[in-house]
Structure formats: structure tokens, C-alpha cells
Amino acid sequence: MQLAYTAQGFATAPRESRGLNEPLGDAGMINNRNPWCLAVAGTGVAILAIGLLIFHPRPAEAQGSTPKYEVDPFWPRPLPNQWVTGSVGGVCTDAQDHVFIVNRRNLTDNELDAAYQAPWVIEFDPEGDVVNSWGDANVLGSGRHACYVDYENNVWLPSNQDGIVQKYSHDGSKLLLQIGTRGIVDSSDSTVAGRALNSSHTGFYRPGGIAVDRGGGDVYVSDGEEPGSNHRVAVFDRNGRFLRQWVLHRTKAEMEAGEGDEFMQVPHCVAIGNDGLVYVCDRRGDRVQVFDKMGTFQKDILIPYETQSSHRANYGERTQPPGPGYLPRAWGTAGWVGFSPDQAQRFMFVLNEENEQVDIFDHTTGKILSSFGRPGHQAGEFSHGHTMAVDSKGNIFVAEVGVGNEAGHRVQKFRIVASR
């Protein structure tokens, strides 16, 4: 039996064999039989229908099955004009299931001997063909960390190398709104070298993620995607006017200790669920924190970390020898959050940066159900999976940035092939 993901959940795919979707015999002949024959035929259909209900779950019953994913190695299709992407900082999808990626254009000189830098922003159709590209380096922020498409089909870009968030028309031809001033950061000296102030009503310090509330257009920004930068969720109205802010929740024990990964506040992403709650990636705390829209803490959803190798990954300048007094790892597990496309959003997907995999959770209970992906450079593997998006069919897209001499620098598509 095959399962297909619909807006309502999982449904059995139609059987094409004769006898299930076709009339039993010639319709005219059945209509011309006597009532007794019709009764027998009707009884047979009823028995068949009961059997189908027993052996083929209805969509509502099949919704509880955890989806199983596999990589689509042929998506996207080859880029035109000898384009090659550098680090792919962000990926997002629109209402038509078009996929946008944000390219950091950091190819090496050797790569440029045979290739061309791909544009800053590339739009693909569902089949993986390029349908548009845009971006002006003189207008874009100096960092391209992620992207987000709102309910009005506008494209939002946060700049993690300075203090701005930008809103563009869907085709990128118009800059519709900018919060913050290019090159000015919410720090003690207005640069990324300064001490984070965490207080600006007009800008940011390394904003990482964006979510827009369908209810009124309020803009939620996770401000501070690395240790040492800001560490807040800042909320603005649809015109860019500051409304409120809050910081990540810390337990009493964590506050008293005042140190360690759990205390280091790195709100790497933000998402708004259909339940009206705000989900924030507490990357260094290995958890997703849930708030109401006013910032009142609701609960933690723990994202487990597993030590999978005795050797530290090479993160360039971030590499530190193992042992007492050193951070045991470079990133954290809670990298990005997405939800299944059914109205109840039965499944929550978390891009686990540290373990290089996507974890699938029961949205209601917070229980981890399964995972897919692993570290590596082959199709279906990740070299610093960084951001993630889910389309209306439940396909998952993962953008990889790579760091230092790592590979990555791509976007991959994972499709549902079955259920567990």
C-alpha cells in the first residue's frame, strides 16, 4: 500500500487495478437484472467496501504514521550559464511550492577558473528548474543568513553580518521595507566587533530568522544567531515599528550557574505554528523554546545530541582540542524548525545541526519519532545543514553552508516515500 501526503494527512493512493475503480461488469447489464441479483451484487459491494476499510486505512486513520523520507538526487536540475553556488545560507518556499535559496557567492579562485558565481537569490519551480534570480550587492545586507516568504508572497532576508532585515517583492524587483540601517549594528560601537546591547528599536545584531504573523502582519525576528551577538526575539508591526521583545527562557539553575552551553543564548530561528505559538531555536541549549506571541514561556522541546565520533569535526578557526575547559562541540542541535503541511501540523521537523540530520517529532507531545540524514558529502548527507523549508506536499529542503574546508554549498530535496 502506498501513502501520499495531503493537506489533511496521509491517504492511500488510488488502486488502478480493474475491479476497484471500475464498475462490476457492464452497467447496463447490472441495471437489467432482477432485484434479487441487484441485492446480491449490492451485498458483494458492501462486503468489499468493509474489507477495504479494514485493510486500507482512511486518511484520518493514516495520519498517525510517521513519514519516511529519501533524497531526490535529481533536484534541482543543473543550473544554467555554468553557475555554481557557494554556501547556501537559506532556503524557503512560497504558496506555489517554488523554492528560493540564498547564495553567499563565496567560490574560491580555483572554482572560478571554470565556473561563474551563481546569483544571490535563485528561485526554482517545483520541478527544480530556475525560473528567476536576483540580488544587488549594493542593496542587500552584507550577510545572507536565511530567507522567508510571507502569506502575501513577499520575500524576507535577514543579514547576519550586520543589523538589517529586508522585505522584497516576490520577483526581487522592489525593496519594500528595510528595518535597520545597513552597516549599523545594535552594539556598543555599532559594529559586529562591539558588545551586544540587545536593545535597539530600529535595528539588530546578527538577525538570523524571520516569521510573519498571518493575523496582522507582525514581524518576528530571531536576533542574534551567534554567541556574543544579540539574544532576543524582536517583534515589529507590518510597517517596521517596534512592538516588543523577549529573551530565551532559562531555568533557575541555569541562571545561577551563568555558564555553559545551556546558558549561552543563540536564538537561531523563529517560526509561528498554526496553534498561534512562537517556536524559537535555542541552538546552544539543544532545544526549541515555545512562547505565546507576547513572549510568555510555554515549554521546552528537547533536541537530543549524540556523540557519534571521538574526533572533533574541523571547523577551521572554531576547532578546539577536546578536554576540560573547552566547548565539547561547535554548534548545537536546534538549528531550524518546520512543520508538516496539514492543518494540525502533526509533525515538527528540526534540522539538527550538530548531528547533521533532520529529526521528526510528534508536534503535540514533543516525542522524537525518527530521523534521516547523516554527516557526509554524498546525496542525502549533510555538510553543515543550516536552514530548512517544507512545502505544501511535505517535501523538505535543506540548505548547506559548509565551513572552512568542508563541502556542502548546496540545497537538497527530500520527499516522502512511505510511512512507518
# chains A, B, ... in the order shown; residues from 1 in each chain; ligands from 1
>>> select_by_dssp(residues="region 64-231 of chain A", states="strand (DSSP E)", output="PyMOL selection string")
chain A and resi 67-71+83-84+88-93+99-103+116-117+121-124+130-134+148-149+155-158+165-168+175-179+207-212+219-223
>>> residues_around(residues="region 224-230 of chain A", least_positions_apart="2", cutoff="10 Å", atoms="only C-alpha atoms", output="JSON, numbers by chain")
{"A": [145, 160, 161, 163, 185, 186, 187, 192, 193, 194, 195, 196, 197, 198, 199, 200, 204, 205, 206, 207, 208, 209, 221, 222, 232, 233, 247, 261, 264, 265, 266, 267, 268, 269, 281, 282, 283, 284, 331, 335]}
>>> write_last_selection(atoms="C-alpha atoms", output="CSV table (one decimal), in the first residue's frame")
chain,number,residue,atom,x,y,z
A,145,HIS,CA,21.7,34.0,6.5
A,160,ASN,CA,23.6,38.2,9.8
A,161,GLN,CA,26.7,40.2,9.1
A,163,GLY,CA,21.9,44.8,11.6
A,185,VAL,CA,24.7,47.1,14.4
A,186,ASP,CA,23.0,47.1,17.8
A,187,SER,CA,26.3,47.1,19.7
A,192,VAL,CA,29.9,43.4,14.8
A,193,ALA,CA,33.1,43.8,16.9
A,194,GLY,CA,31.2,45.6,19.7
A,195,ARG,CA,29.4,44.4,22.8
A,196,ALA,CA,25.8,43.4,22.1
A,197,LEU,CA,23.3,45.9,23.5
A,198,ASN,CA,20.2,43.8,22.9
A,199,SER,CA,18.0,46.9,23.0
A,200,SER,CA,17.6,48.7,19.6
A,204,PHE,CA,19.6,44.3,15.0
A,205,TYR,CA,22.9,42.5,15.7
A,206,ARG,CA,23.2,39.4,13.5
A,207,PRO,CA,19.5,38.6,12.9
A,208,GLY,CA,19.0,35.0,11.8
A,209,GLY,CA,15.4,34.1,11.2
A,221,VAL,CA,12.9,38.3,14.2
A,222,SER,CA,15.3,36.0,16.0
A,232,ARG,CA,16.3,38.2,21.7
A,233,VAL,CA,13.2,37.8,19.7
A,247,VAL,CA,15.0,36.7,25.6
A,261,ASP,CA,26.1,25.8,26.5
A,264,MET,CA,24.6,30.8,26.0
A,265,GLN,CA,21.6,32.3,24.2
A,266,VAL,CA,21.6,31.8,20.5
A,267,PRO,CA,18.1,32.3,19.0
A,268,HIS,CA,18.9,30.9,15.6
A,269,CYS,CA,15.4,30.6,14.1
A,281,CYS,CA,15.6,27.6,18.1
A,282,ASP,CA,17.7,27.7,21.3
A,283,ARG,CA,20.6,26.4,19.3
A,284,ARG,CA,23.2,26.1,22.1
A,331,TRP,CA,27.2,24.4,17.1
A,335,GLY,CA,19.2,24.7,14.1
>>> closest_residue(among="A:Tyr220, A:Tyr116, A:Phe100, A:Phe397", to="His170 (chain A)", atoms="only C-alpha atoms")
A:Phe100
>>> closest_atom_pairs(of="region 90-204 of chain A", to="region 74-85 of chain A", cutoff="7 Å", atoms="only C-alpha atoms", output="CSV")
residue,atom,partner,partner_atom,distance
A:Asn103,CA,A:Thr85,CA,6.1
A:Arg105,CA,A:Thr85,CA,6.4
A:Ala115,CA,A:Gln82,CA,5.4
A:Tyr116,CA,A:Trp83,CA,4.9
A:Gln117,CA,A:Val84,CA,5.6
A:Ala118,CA,A:Trp83,CA,4.6
A:Gly128,CA,A:Pro76,CA,4.1
A:Asp129,CA,A:Arg77,CA,5.7
>>> closest_residue(among="A:Val139, A:Val91, A:Ile122, A:Ala211", to="Gly183 (chain A)", atoms="only C-alpha atoms")
A:Val139
>>> atom_distance(atom1="CA of Arg182 (chain A)", atom2="CA of Asp162 (chain A)")
6.9 Å
>>> atom_distance(atom1="CA of Ser173 (chain A)", atom2="CA of Gly86 (chain A)")
22.8 Å
>>> closest_residue(among="A:Ser383, A:Ser392, A:Gln178, A:Gln298", to="Gln96 (chain A)", atoms="only C-alpha atoms")
A:Ser392
>>> residues_around(residues="region 164-167 of chain A", least_positions_apart="4", cutoff="6 Å", atoms="only C-alpha atoms", output="ChimeraX atom specification")
/A:155-159,176-180,203
>>> write_last_selection(atoms="C-alpha atoms", output="short mmCIF file (atom, residue, chain, number, x, y, z; two decimals), in the first residue's frame")
data_model
loop_
_atom_site.label_atom_id
_atom_site.label_comp_id
_atom_site.auth_asym_id
_atom_site.auth_seq_id
_atom_site.Cartn_x
_atom_site.Cartn_y
_atom_site.Cartn_z
CA VAL A 155 10.46 37.57 0.33
CA TRP A 156 12.29 38.49 3.56
CA LEU A 157 16.08 38.38 4.01
CA PRO A 158 17.89 38.84 7.34
CA SER A 159 21.52 39.95 7.20
CA LEU A 176 9.51 47.12 0.01
CA LEU A 177 10.77 47.58 3.57
CA GLN A 178 14.03 47.67 5.47
CA ILE A 179 14.29 47.57 9.26
CA GLY A 180 17.68 48.82 10.37
CA GLY A 203 17.89 47.53 14.13
#
>>> closest_residue(among="A:Thr251, A:Gln245, A:Thr93, A:Thr181", to="Asp125 (chain A)", atoms="only C-alpha atoms")
A:Thr93
>>> residues_around(residues="Ile396 (chain A)", least_positions_apart="5", cutoff="8 Å", atoms="only C-alpha atoms", output="list in words")
Met388, Ala389, Val390, Asp391, Lys413, Phe414 and Arg415 of chain A
>>> write_last_selection(atoms="C-alpha atoms", output="compact mmCIF listing (two decimals), in the first residue's frame")
# COMPACT_ATOMS: atom_id res chain seq x y z
CA MET A 388 15.29 24.12 6.15
CA ALA A 389 11.90 24.58 4.46
CA VAL A 390 8.78 22.44 3.99
CA ASP A 391 6.42 22.77 1.01
CA LYS A 413 15.25 17.94 -1.55
CA PHE A 414 13.83 15.06 0.49
CA ARG A 415 10.49 13.53 -0.49
>>> select_by_dssp(residues="region 88-245 of chain A", states="alpha helix (DSSP H)", output="number ranges by chain")
A: 109-112
>>> atom_distance(atom1="CA of Phe361 (chain A)", atom2="CA of Phe349 (chain A)")
6.3 Å
>>> decode(residues="region 93-126 of chain A", atoms="N, CA and C atoms", output="tab-separated table (two decimals), in the first residue's frame")
chain	number	residue	atom	x	y	z
A	93	THR	N	10.13	28.41	0.90
A	93	THR	CA	9.16	28.05	-0.14
A	93	THR	C	7.99	29.03	-0.11
A	94	ASP	N	7.35	29.19	-1.29
A	94	ASP	CA	6.19	30.08	-1.36
A	94	ASP	C	4.90	29.27	-1.51
A	95	ALA	N	3.78	29.96	-1.72
A	95	ALA	CA	2.48	29.30	-1.78
A	95	ALA	C	2.33	28.42	-3.01
A	96	GLN	N	3.14	28.63	-4.04
A	96	GLN	CA	3.09	27.83	-5.26
A	96	GLN	C	4.13	26.71	-5.24
A	97	ASP	N	4.74	26.49	-4.09
A	97	ASP	CA	5.79	25.48	-3.91
A	97	ASP	C	7.02	25.79	-4.73
A	98	HIS	N	7.22	27.08	-5.05
A	98	HIS	CA	8.51	27.49	-5.60
A	98	HIS	C	9.50	27.58	-4.45
A	99	VAL	N	10.74	27.29	-4.74
A	99	VAL	CA	11.78	27.24	-3.72
A	99	VAL	C	12.80	28.34	-3.98
A	100	PHE	N	13.09	29.12	-2.95
A	100	PHE	CA	14.10	30.18	-3.03
A	100	PHE	C	15.33	29.74	-2.22
A	101	ILE	N	16.51	30.02	-2.75
A	101	ILE	CA	17.72	29.82	-1.97
A	101	ILE	C	18.51	31.12	-1.94
A	102	VAL	N	19.28	31.29	-0.88
A	102	VAL	CA	20.13	32.47	-0.70
A	102	VAL	C	21.58	32.01	-0.80
A	103	ASN	N	22.28	32.51	-1.78
A	103	ASN	CA	23.64	32.08	-2.11
A	103	ASN	C	24.64	33.12	-1.61
A	104	ARG	N	25.67	32.66	-0.92
A	104	ARG	CA	26.65	33.59	-0.36
A	104	ARG	C	27.78	33.95	-1.32
A	105	ARG	N	27.79	33.33	-2.49
A	105	ARG	CA	28.75	33.70	-3.55
A	105	ARG	C	30.20	33.73	-3.03
A	106	ASN	N	30.61	32.65	-2.40
A	106	ASN	CA	31.97	32.59	-1.85
A	106	ASN	C	32.79	31.48	-2.49
A	107	LEU	N	32.69	31.36	-3.82
A	107	LEU	CA	33.51	30.39	-4.53
A	107	LEU	C	34.99	30.77	-4.43
A	108	THR	N	35.83	29.77	-4.50
A	108	THR	CA	37.27	30.01	-4.48
A	108	THR	C	37.75	30.43	-5.87
A	109	ASP	N	38.96	30.96	-5.92
A	109	ASP	CA	39.53	31.34	-7.21
A	109	ASP	C	39.67	30.12	-8.12
A	110	ASN	N	40.02	28.97	-7.55
A	110	ASN	CA	40.15	27.77	-8.37
A	110	ASN	C	38.79	27.38	-8.97
A	111	GLU	N	37.74	27.50	-8.20
A	111	GLU	CA	36.41	27.17	-8.71
A	111	GLU	C	36.02	28.13	-9.84
A	112	LEU	N	36.43	29.38	-9.70
A	112	LEU	CA	36.07	30.38	-10.70
A	112	LEU	C	36.87	30.25	-11.99
A	113	ASP	N	37.89	29.37	-12.00
A	113	ASP	CA	38.58	29.12	-13.25
A	113	ASP	C	37.65	28.51	-14.28
A	114	ALA	N	36.64	27.77	-13.81
A	114	ALA	CA	35.76	27.05	-14.74
A	114	ALA	C	34.29	27.36	-14.53
A	115	ALA	N	33.97	28.22	-13.58
A	115	ALA	CA	32.56	28.44	-13.24
A	115	ALA	C	32.30	29.92	-13.03
A	116	TYR	N	31.02	30.23	-12.86
A	116	TYR	CA	30.59	31.59	-12.56
A	116	TYR	C	29.82	31.59	-11.24
A	117	GLN	N	29.98	32.66	-10.47
A	117	GLN	CA	29.21	32.79	-9.24
A	117	GLN	C	27.72	32.82	-9.58
A	118	ALA	N	26.96	31.95	-8.97
A	118	ALA	CA	25.51	31.99	-9.15
A	118	ALA	C	24.96	33.25	-8.49
A	119	PRO	N	23.79	33.74	-8.91
A	119	PRO	CA	23.22	34.96	-8.32
A	119	PRO	C	22.95	34.81	-6.82
A	120	TRP	N	22.70	35.94	-6.18
A	120	TRP	CA	22.47	35.96	-4.73
A	120	TRP	C	21.22	35.18	-4.35
A	121	VAL	N	20.13	35.41	-5.06
A	121	VAL	CA	18.86	34.74	-4.77
A	121	VAL	C	18.40	34.01	-6.03
A	122	ILE	N	18.09	32.73	-5.89
A	122	ILE	CA	17.64	31.92	-7.02
A	122	ILE	C	16.29	31.30	-6.69
A	123	GLU	N	15.36	31.39	-7.63
A	123	GLU	CA	14.03	30.81	-7.47
A	123	GLU	C	13.88	29.61	-8.40
A	124	PHE	N	13.45	28.47	-7.84
A	124	PHE	CA	13.21	27.25	-8.61
A	124	PHE	C	11.72	26.95	-8.63
A	125	ASP	N	11.25	26.34	-9.72
A	125	ASP	CA	9.89	25.83	-9.72
A	125	ASP	C	9.89	24.46	-9.04
A	126	PRO	N	8.71	23.84	-8.83
A	126	PRO	CA	8.68	22.55	-8.12
A	126	PRO	C	9.51	21.46	-8.77
